[in-house]
Amino acid sequence: MKIDVLFENCDAVLITSPQNLQYFSGFAGGEGFCLLSHSSKTIFVDSRYTVEAVSECKGFEVVEFSGGNLFELITAQLNKISAKVIAYEDLCLTVATFNQMKDKLDGISFVPLGDKADIIRSIKTDEEIALLRKAERIGDMAFKQVLPMIKLGMTENDLAAELEYQMRKSGASGTSFDTIAVSGKKTAMPHGRPDEKKLEYGDFVTMDFGCIYKGYCSDMTRTVVMGEASSKQIEVYNTVLAAQLEGLKTIKAGVVAKDADYAARRIIEDAGYGSYFGHSLGHGVGLMIHEQPNLSPRSETVLVPNMIVTCEPGIYIQDFGGVRIEDMVAVKENGCENLTSSTKELIICG
Ligand SMILES: [Mn+2]
């Protein structure tokens with residue numbers, strides 16, 4: 001069982017982050033404490049979530065806490081299973097909660113969980129891939145619906161709102177991150193924020209958006225041009241597209257993540273735009289929008305079948321604008337399955 005790695009140096013693990021609660025217990029409510037050991041599975045929730053936890057957490061004992069008795073209840077359970085060493089989620093637990101735990105869980109020693117849960121979650125099951133595929137399809141559908149609405153004079157906020165509305169209408173429970181819909185010179189900021197700026201003739205418009213479907217995130221980016229593309233815009237766009245296609249061609253099981261990054265980066269460097277591509281080629285996606293593995297120039301991670309990663313090179317030129325093109329793919333033995341189907345030809349809008 002792959003979760004055995006969690007217990008290598010501890011008697012039990014205390015799961016506290018929303019993504020790990022959902023992954024290891026099925027509880028999607030976000031707020032709770034899950035205590036896992038070789039022999040027991042317990043989840044502690046307050047009364048807002050008791051009914052949900054009972055229905056979602058198969059094989060778990062559900063314990064309701066209230067009025068500050070949480071750590072007493074956890075102590076009772078730790079005594080019952082004779083646990084002395086527990087691993088905690090050092091990557092996301094607050095210092096305040098950690099200090100409280102140390103204070104209230106008498107006689108227990110603590111070891112950091114590190115990235116063990118993240119590594120387990122980086123390789124998806126077929127069921128998870130089906131949910132991620134569906135989440136990405138919702139993004140594709142939203143893009144198709146919104147494309148004809150993109151007109152000169154529309155604001156970036158309007159555009160972001162339409163994308164979010166269409167995803168929600170198609171079954172999403174929310175967005176997986178703040179929608180990026182930026183235009184003109186603002187597209188030179190990879191994570192620019194939409195505002196009241198209107199889409200103008202000649203603008204690049206970058207839309208980077210995603211939704212959550214049954215807890216799983218989607219992520220895609222497309223860049224279009226308003227009215228007419230200049231020759232420089234076409235050159236920058238085609239360079240990013242060539243890099244993106246090269247990245248996709250390289251992503252497969254056995255490839256080291258940094259080599260996938262470099263395959264795409266080299267195209268951009270060779271075209272003379274190397275210094276305008278500051279971020280990594282991509283990242284893992286799952287219950288979190290950014291998770292393992294990282295496709296960065298420094299990542300030694302070897303890609304494994306059923307990892308889900310993005311491929312999203314970009315070129316960002318201050319006072320000119322920028323382009324990013326992003327697909328989400330499943331790593332396979334001999335290549336990758338592209339979960340994104342929207343066209344990547346340069347689209348002229350307005
Ligand atoms: Mn992304």
# chains A, B, ... in the order shown; residues from 1 in each chain; ligands from 1
$ residues_near_ligand --ligand "ligand 1" --cutoff "7 Å" --atoms "only C-alpha atoms and all ligand atoms" --output "list of chain:residue names"
A:Asp219, A:Met220, A:Gly282, A:His283, A:Thr310, A:Glu312, A:Glu326
$ write_last_selection --atoms "N, CA and C atoms" --output "mmCIF file, in the first residue's frame"
data_model
loop_
_atom_site.group_PDB
_atom_site.id
_atom_site.type_symbol
_atom_site.label_atom_id
_atom_site.label_comp_id
_atom_site.auth_asym_id
_atom_site.auth_seq_id
_atom_site.Cartn_x
_atom_site.Cartn_y
_atom_site.Cartn_z
ATOM 1 N N ASP A 219 -6.669 23.817 -15.301
ATOM 2 C CA ASP A 219 -5.781 24.952 -15.550
ATOM 3 C C ASP A 219 -5.515 25.031 -17.046
ATOM 4 N N MET A 220 -5.770 26.161 -17.644
ATOM 5 C CA MET A 220 -5.420 26.354 -19.059
ATOM 6 C C MET A 220 -5.198 27.833 -19.330
ATOM 7 N N GLY A 282 6.098 24.196 -16.158
ATOM 8 C CA GLY A 282 4.788 23.760 -15.671
ATOM 9 C C GLY A 282 4.837 23.207 -14.268
ATOM 10 N N HIS A 283 3.699 22.665 -13.856
ATOM 11 C CA HIS A 283 3.530 22.191 -12.473
ATOM 12 C C HIS A 283 2.499 21.077 -12.454
ATOM 13 N N THR A 310 1.126 20.666 -16.175
ATOM 14 C CA THR A 310 0.833 21.665 -17.196
ATOM 15 C C THR A 310 2.080 21.871 -18.050
ATOM 16 N N GLU A 312 3.314 25.150 -20.043
ATOM 17 C CA GLU A 312 2.888 26.536 -20.204
ATOM 18 C C GLU A 312 4.029 27.541 -20.349
ATOM 19 N N GLU A 326 -1.078 27.340 -22.430
ATOM 20 C CA GLU A 326 -0.999 26.291 -21.412
ATOM 21 C C GLU A 326 -2.022 25.186 -21.631
#
$ select_by_dssp --residues "stretch 125-289 of chain A" --states "helix (DSSP H, G or I)" --output "NGL selection string"
:A and (126-149 or 156-169 or 184-188 or 231-250 or 257-270 or 274-276)
$ closest_residue --among "A:Met307, A:Val54, A:Val331, A:Leu163" --to "A:Thr221" --atoms "only C-alpha atoms"
A:Leu163
$ residues_around --residues "A:Lys116" --least-positions-apart "6" --cutoff "10 Å" --atoms "only C-alpha atoms" --output "ChimeraX atom specification"
/A:3,5-7,89
$ residues_around --residues "A:Lys344" --least-positions-apart "5" --cutoff "9 Å" --atoms "only C-alpha atoms" --output "list in words"
Arg222, Thr223, Leu241 and Ile325 of chain A
$ closest_residue --among "A:Asp118, A:Asp140, A:Asp259, A:Asp158" --to "A:Cys92" --atoms "only C-alpha atoms"
A:Asp118
$ residues_around --residues "A:Phe24" --least-positions-apart "2" --cutoff "12 Å" --atoms "only C-alpha atoms" --output "number ranges by chain"
A: 2-3, 6, 13-22, 26-28, 33-37, 41-43, 56-60, 117-118, 120-121, 287
$ write_last_selection --atoms "C-alpha atoms" --output "mmCIF file, in the first residue's frame"
data_model
loop_
_atom_site.group_PDB
_atom_site.id
_atom_site.type_symbol
_atom_site.label_atom_id
_atom_site.label_comp_id
_atom_site.auth_asym_id
_atom_site.auth_seq_id
_atom_site.Cartn_x
_atom_site.Cartn_y
_atom_site.Cartn_z
ATOM 1 C CA LYS A 2 1.559 3.291 -1.060
ATOM 2 C CA ILE A 3 0.368 5.191 2.031
ATOM 3 C CA LEU A 6 3.584 8.014 5.685
ATOM 4 C CA VAL A 13 -0.103 11.070 10.992
ATOM 5 C CA LEU A 14 -2.290 14.050 11.789
ATOM 6 C CA ILE A 15 -3.768 15.335 8.529
ATOM 7 C CA THR A 16 -5.000 18.920 8.602
ATOM 8 C CA SER A 17 -4.868 20.416 5.092
ATOM 9 C CA PRO A 18 -8.022 20.417 2.924
ATOM 10 C CA GLN A 19 -6.302 18.581 0.057
ATOM 11 C CA ASN A 20 -4.891 15.821 2.241
ATOM 12 C CA LEU A 21 -8.126 15.489 4.202
ATOM 13 C CA GLN A 22 -9.948 14.852 0.934
ATOM 14 C CA GLY A 26 -12.638 11.476 1.391
ATOM 15 C CA PHE A 27 -13.815 14.401 3.556
ATOM 16 C CA ALA A 28 -14.365 17.389 1.259
ATOM 17 C CA PHE A 33 -8.335 16.723 11.824
ATOM 18 C CA CYS A 34 -7.697 13.234 10.520
ATOM 19 C CA LEU A 35 -5.584 10.808 12.515
ATOM 20 C CA LEU A 36 -4.220 7.927 10.483
ATOM 21 C CA SER A 37 -2.198 4.973 11.702
ATOM 22 C CA LYS A 41 -8.619 5.866 10.857
ATOM 23 C CA THR A 42 -10.298 8.653 12.783
ATOM 24 C CA ILE A 43 -11.590 12.027 11.688
ATOM 25 C CA GLU A 56 -17.857 10.748 2.949
ATOM 26 C CA CYS A 57 -15.319 9.001 5.168
ATOM 27 C CA LYS A 58 -15.797 5.292 4.526
ATOM 28 C CA GLY A 59 -14.107 3.087 7.107
ATOM 29 C CA PHE A 60 -13.442 6.027 9.433
ATOM 30 C CA ALA A 117 1.764 13.183 1.043
ATOM 31 C CA ASP A 118 2.503 15.441 -1.942
ATOM 32 C CA ILE A 120 1.873 10.156 -3.067
ATOM 33 C CA ARG A 121 -0.717 12.542 -4.542
ATOM 34 C CA LEU A 287 -6.595 18.589 -5.537
#
$ residues_around --residues "A:Leu346" --least-positions-apart "5" --cutoff "10 Å" --atoms "only C-alpha atoms" --output "ChimeraX atom specification"
/A:222-225,229,233-234,237-238,241
$ write_last_selection --atoms "N, CA, C and O atoms" --output "mmCIF file, in the first residue's frame"
data_model
loop_
_atom_site.group_PDB
_atom_site.id
_atom_site.type_symbol
_atom_site.label_atom_id
_atom_site.label_comp_id
_atom_site.auth_asym_id
_atom_site.auth_seq_id
_atom_site.Cartn_x
_atom_site.Cartn_y
_atom_site.Cartn_z
ATOM 1 N N ARG A 222 -4.940 30.624 -22.762
ATOM 2 C CA ARG A 222 -4.915 30.948 -24.180
ATOM 3 C C ARG A 222 -4.691 32.451 -24.319
ATOM 4 O O ARG A 222 -5.145 33.235 -23.482
ATOM 5 N N THR A 223 -3.998 32.826 -25.380
ATOM 6 C CA THR A 223 -3.762 34.239 -25.662
ATOM 7 C C THR A 223 -4.323 34.541 -27.051
ATOM 8 O O THR A 223 -4.060 33.780 -27.997
ATOM 9 N N VAL A 224 -5.110 35.599 -27.155
ATOM 10 C CA VAL A 224 -5.675 36.001 -28.449
ATOM 11 C C VAL A 224 -5.255 37.451 -28.735
ATOM 12 O O VAL A 224 -4.659 38.109 -27.879
ATOM 13 N N VAL A 225 -5.558 37.916 -29.942
ATOM 14 C CA VAL A 225 -5.251 39.308 -30.289
ATOM 15 C C VAL A 225 -6.543 40.012 -30.702
ATOM 16 O O VAL A 225 -7.409 39.424 -31.350
ATOM 17 N N ALA A 229 -3.135 41.420 -35.615
ATOM 18 C CA ALA A 229 -1.853 41.118 -34.967
ATOM 19 C C ALA A 229 -0.724 41.763 -35.750
ATOM 20 O O ALA A 229 -0.683 41.696 -36.985
ATOM 21 N N GLN A 233 3.942 40.572 -32.890
ATOM 22 C CA GLN A 233 3.031 39.742 -32.092
ATOM 23 C C GLN A 233 2.955 38.323 -32.645
ATOM 24 O O GLN A 233 2.954 37.351 -31.901
ATOM 25 N N ILE A 234 2.912 38.235 -33.977
ATOM 26 C CA ILE A 234 2.828 36.911 -34.602
ATOM 27 C C ILE A 234 4.111 36.125 -34.320
ATOM 28 O O ILE A 234 4.067 34.937 -33.987
ATOM 29 N N TYR A 237 4.093 35.045 -30.661
ATOM 30 C CA TYR A 237 3.088 33.994 -30.471
ATOM 31 C C TYR A 237 3.587 32.660 -31.017
ATOM 32 O O TYR A 237 3.518 31.626 -30.346
ATOM 33 N N ASN A 238 4.090 32.696 -32.224
ATOM 34 C CA ASN A 238 4.538 31.444 -32.851
ATOM 35 C C ASN A 238 5.732 30.827 -32.127
ATOM 36 O O ASN A 238 5.881 29.607 -32.106
ATOM 37 N N LEU A 241 4.239 29.136 -29.120
ATOM 38 C CA LEU A 241 3.530 27.926 -29.564
ATOM 39 C C LEU A 241 4.504 26.800 -29.912
ATOM 40 O O LEU A 241 4.302 25.648 -29.515
#
$ closest_residue --among "A:Cys311, A:Ala257, A:Met149, A:Ala181" --to "A:Arg298" --atoms "only C-alpha atoms"
A:Ala257
$ closest_residue --among "A:Ile212, A:Leu303, A:Met226, A:Val85" --to "A:Lys198" --atoms "only C-alpha atoms"
A:Met226
$ select_by_dssp --residues "stretch 166-253 of chain A" --states "strand (DSSP E)" --output "PyMOL selection string"
chain A and resi 174-175+180-183+204-209+211-213+216-217+220-226
$ closest_residue --among "A:Asp208, A:Glu200, A:Asp115, A:Glu345" --to "A:Ala160" --atoms "only C-alpha atoms"
A:Asp208
$ residues_around --residues "A:Thr301" --least-positions-apart "5" --cutoff "8 Å" --atoms "only C-alpha atoms" --output "list in words"
Val256, Ala257, Lys258, Pro293 and Asn294 of chain A
$ closest_residue --among "A:Pro313, A:Gly227, A:Gly68, A:Gly284" --to "A:Asp261" --atoms "only C-alpha atoms"
A:Pro313
$ atom_distance --atom1 "atom CA of A:Glu164" --atom2 "atom CA of A:Lys144"
12.8 Å
$ decode --residues "stretch 142-186 of chain A" --atoms "C-alpha atoms" --output "PDB file, in the first residue's frame"
ATOM      1  CA  ALA A 142     -16.137  27.937 -21.117  1.00  0.00           C
ATOM      2  CA  PHE A 143     -13.458  29.178 -23.527  1.00  0.00           C
ATOM      3  CA  LYS A 144     -15.588  28.147 -26.513  1.00  0.00           C
ATOM      4  CA  GLN A 145     -18.642  29.934 -25.068  1.00  0.00           C
ATOM      5  CA  VAL A 146     -16.736  33.105 -24.214  1.00  0.00           C
ATOM      6  CA  LEU A 147     -14.647  33.445 -27.386  1.00  0.00           C
ATOM      7  CA  PRO A 148     -17.463  35.019 -29.482  1.00  0.00           C
ATOM      8  CA  MET A 149     -18.187  37.490 -26.631  1.00  0.00           C
ATOM      9  CA  ILE A 150     -14.671  38.954 -26.698  1.00  0.00           C
ATOM     10  CA  LYS A 151     -15.232  42.392 -28.232  1.00  0.00           C
ATOM     11  CA  LEU A 152     -13.431  45.725 -28.301  1.00  0.00           C
ATOM     12  CA  GLY A 153     -14.479  47.805 -25.292  1.00  0.00           C
ATOM     13  CA  MET A 154     -15.279  44.827 -23.070  1.00  0.00           C
ATOM     14  CA  THR A 155     -13.482  45.133 -19.717  1.00  0.00           C
ATOM     15  CA  GLU A 156     -11.038  42.574 -18.367  1.00  0.00           C
ATOM     16  CA  ASN A 157     -13.355  42.132 -15.358  1.00  0.00           C
ATOM     17  CA  ASP A 158     -16.252  41.339 -17.704  1.00  0.00           C
ATOM     18  CA  LEU A 159     -14.132  38.771 -19.490  1.00  0.00           C
ATOM     19  CA  ALA A 160     -13.037  37.128 -16.219  1.00  0.00           C
ATOM     20  CA  ALA A 161     -16.642  37.092 -14.994  1.00  0.00           C
ATOM     21  CA  GLU A 162     -17.896  35.422 -18.209  1.00  0.00           C
ATOM     22  CA  LEU A 163     -15.262  32.693 -17.989  1.00  0.00           C
ATOM     23  CA  GLU A 164     -16.133  32.007 -14.358  1.00  0.00           C
ATOM     24  CA  TYR A 165     -19.892  32.076 -15.044  1.00  0.00           C
ATOM     25  CA  GLN A 166     -19.597  29.611 -17.911  1.00  0.00           C
ATOM     26  CA  MET A 167     -17.485  27.206 -15.855  1.00  0.00           C
ATOM     27  CA  ARG A 168     -19.976  27.329 -13.009  1.00  0.00           C
ATOM     28  CA  LYS A 169     -22.862  26.753 -15.440  1.00  0.00           C
ATOM     29  CA  SER A 170     -21.051  23.684 -16.758  1.00  0.00           C
ATOM     30  CA  GLY A 171     -20.755  21.990 -13.383  1.00  0.00           C
ATOM     31  CA  ALA A 172     -17.755  23.597 -11.679  1.00  0.00           C
ATOM     32  CA  SER A 173     -18.027  24.265  -7.944  1.00  0.00           C
ATOM     33  CA  GLY A 174     -15.708  27.250  -8.209  1.00  0.00           C
ATOM     34  CA  THR A 175     -12.486  28.522  -9.696  1.00  0.00           C
ATOM     35  CA  SER A 176      -9.203  26.786  -8.964  1.00  0.00           C
ATOM     36  CA  PHE A 177      -7.398  30.161  -8.713  1.00  0.00           C
ATOM     37  CA  ASP A 178      -8.159  33.833  -9.355  1.00  0.00           C
ATOM     38  CA  THR A 179      -8.948  34.119 -13.052  1.00  0.00           C
ATOM     39  CA  ILE A 180      -6.326  35.976 -15.051  1.00  0.00           C
ATOM     40  CA  ALA A 181      -7.834  37.963 -17.927  1.00  0.00           C
ATOM     41  CA  VAL A 182      -5.452  40.733 -18.908  1.00  0.00           C
ATOM     42  CA  SER A 183      -4.883  42.769 -22.020  1.00  0.00           C
ATOM     43  CA  GLY A 184      -2.406  45.013 -23.784  1.00  0.00           C
ATOM     44  CA  LYS A 185       0.797  45.850 -21.907  1.00  0.00           C
ATOM     45  CA  LYS A 186      -0.574  44.082 -18.822  1.00  0.00           C
TER      46      LYS A 186
END
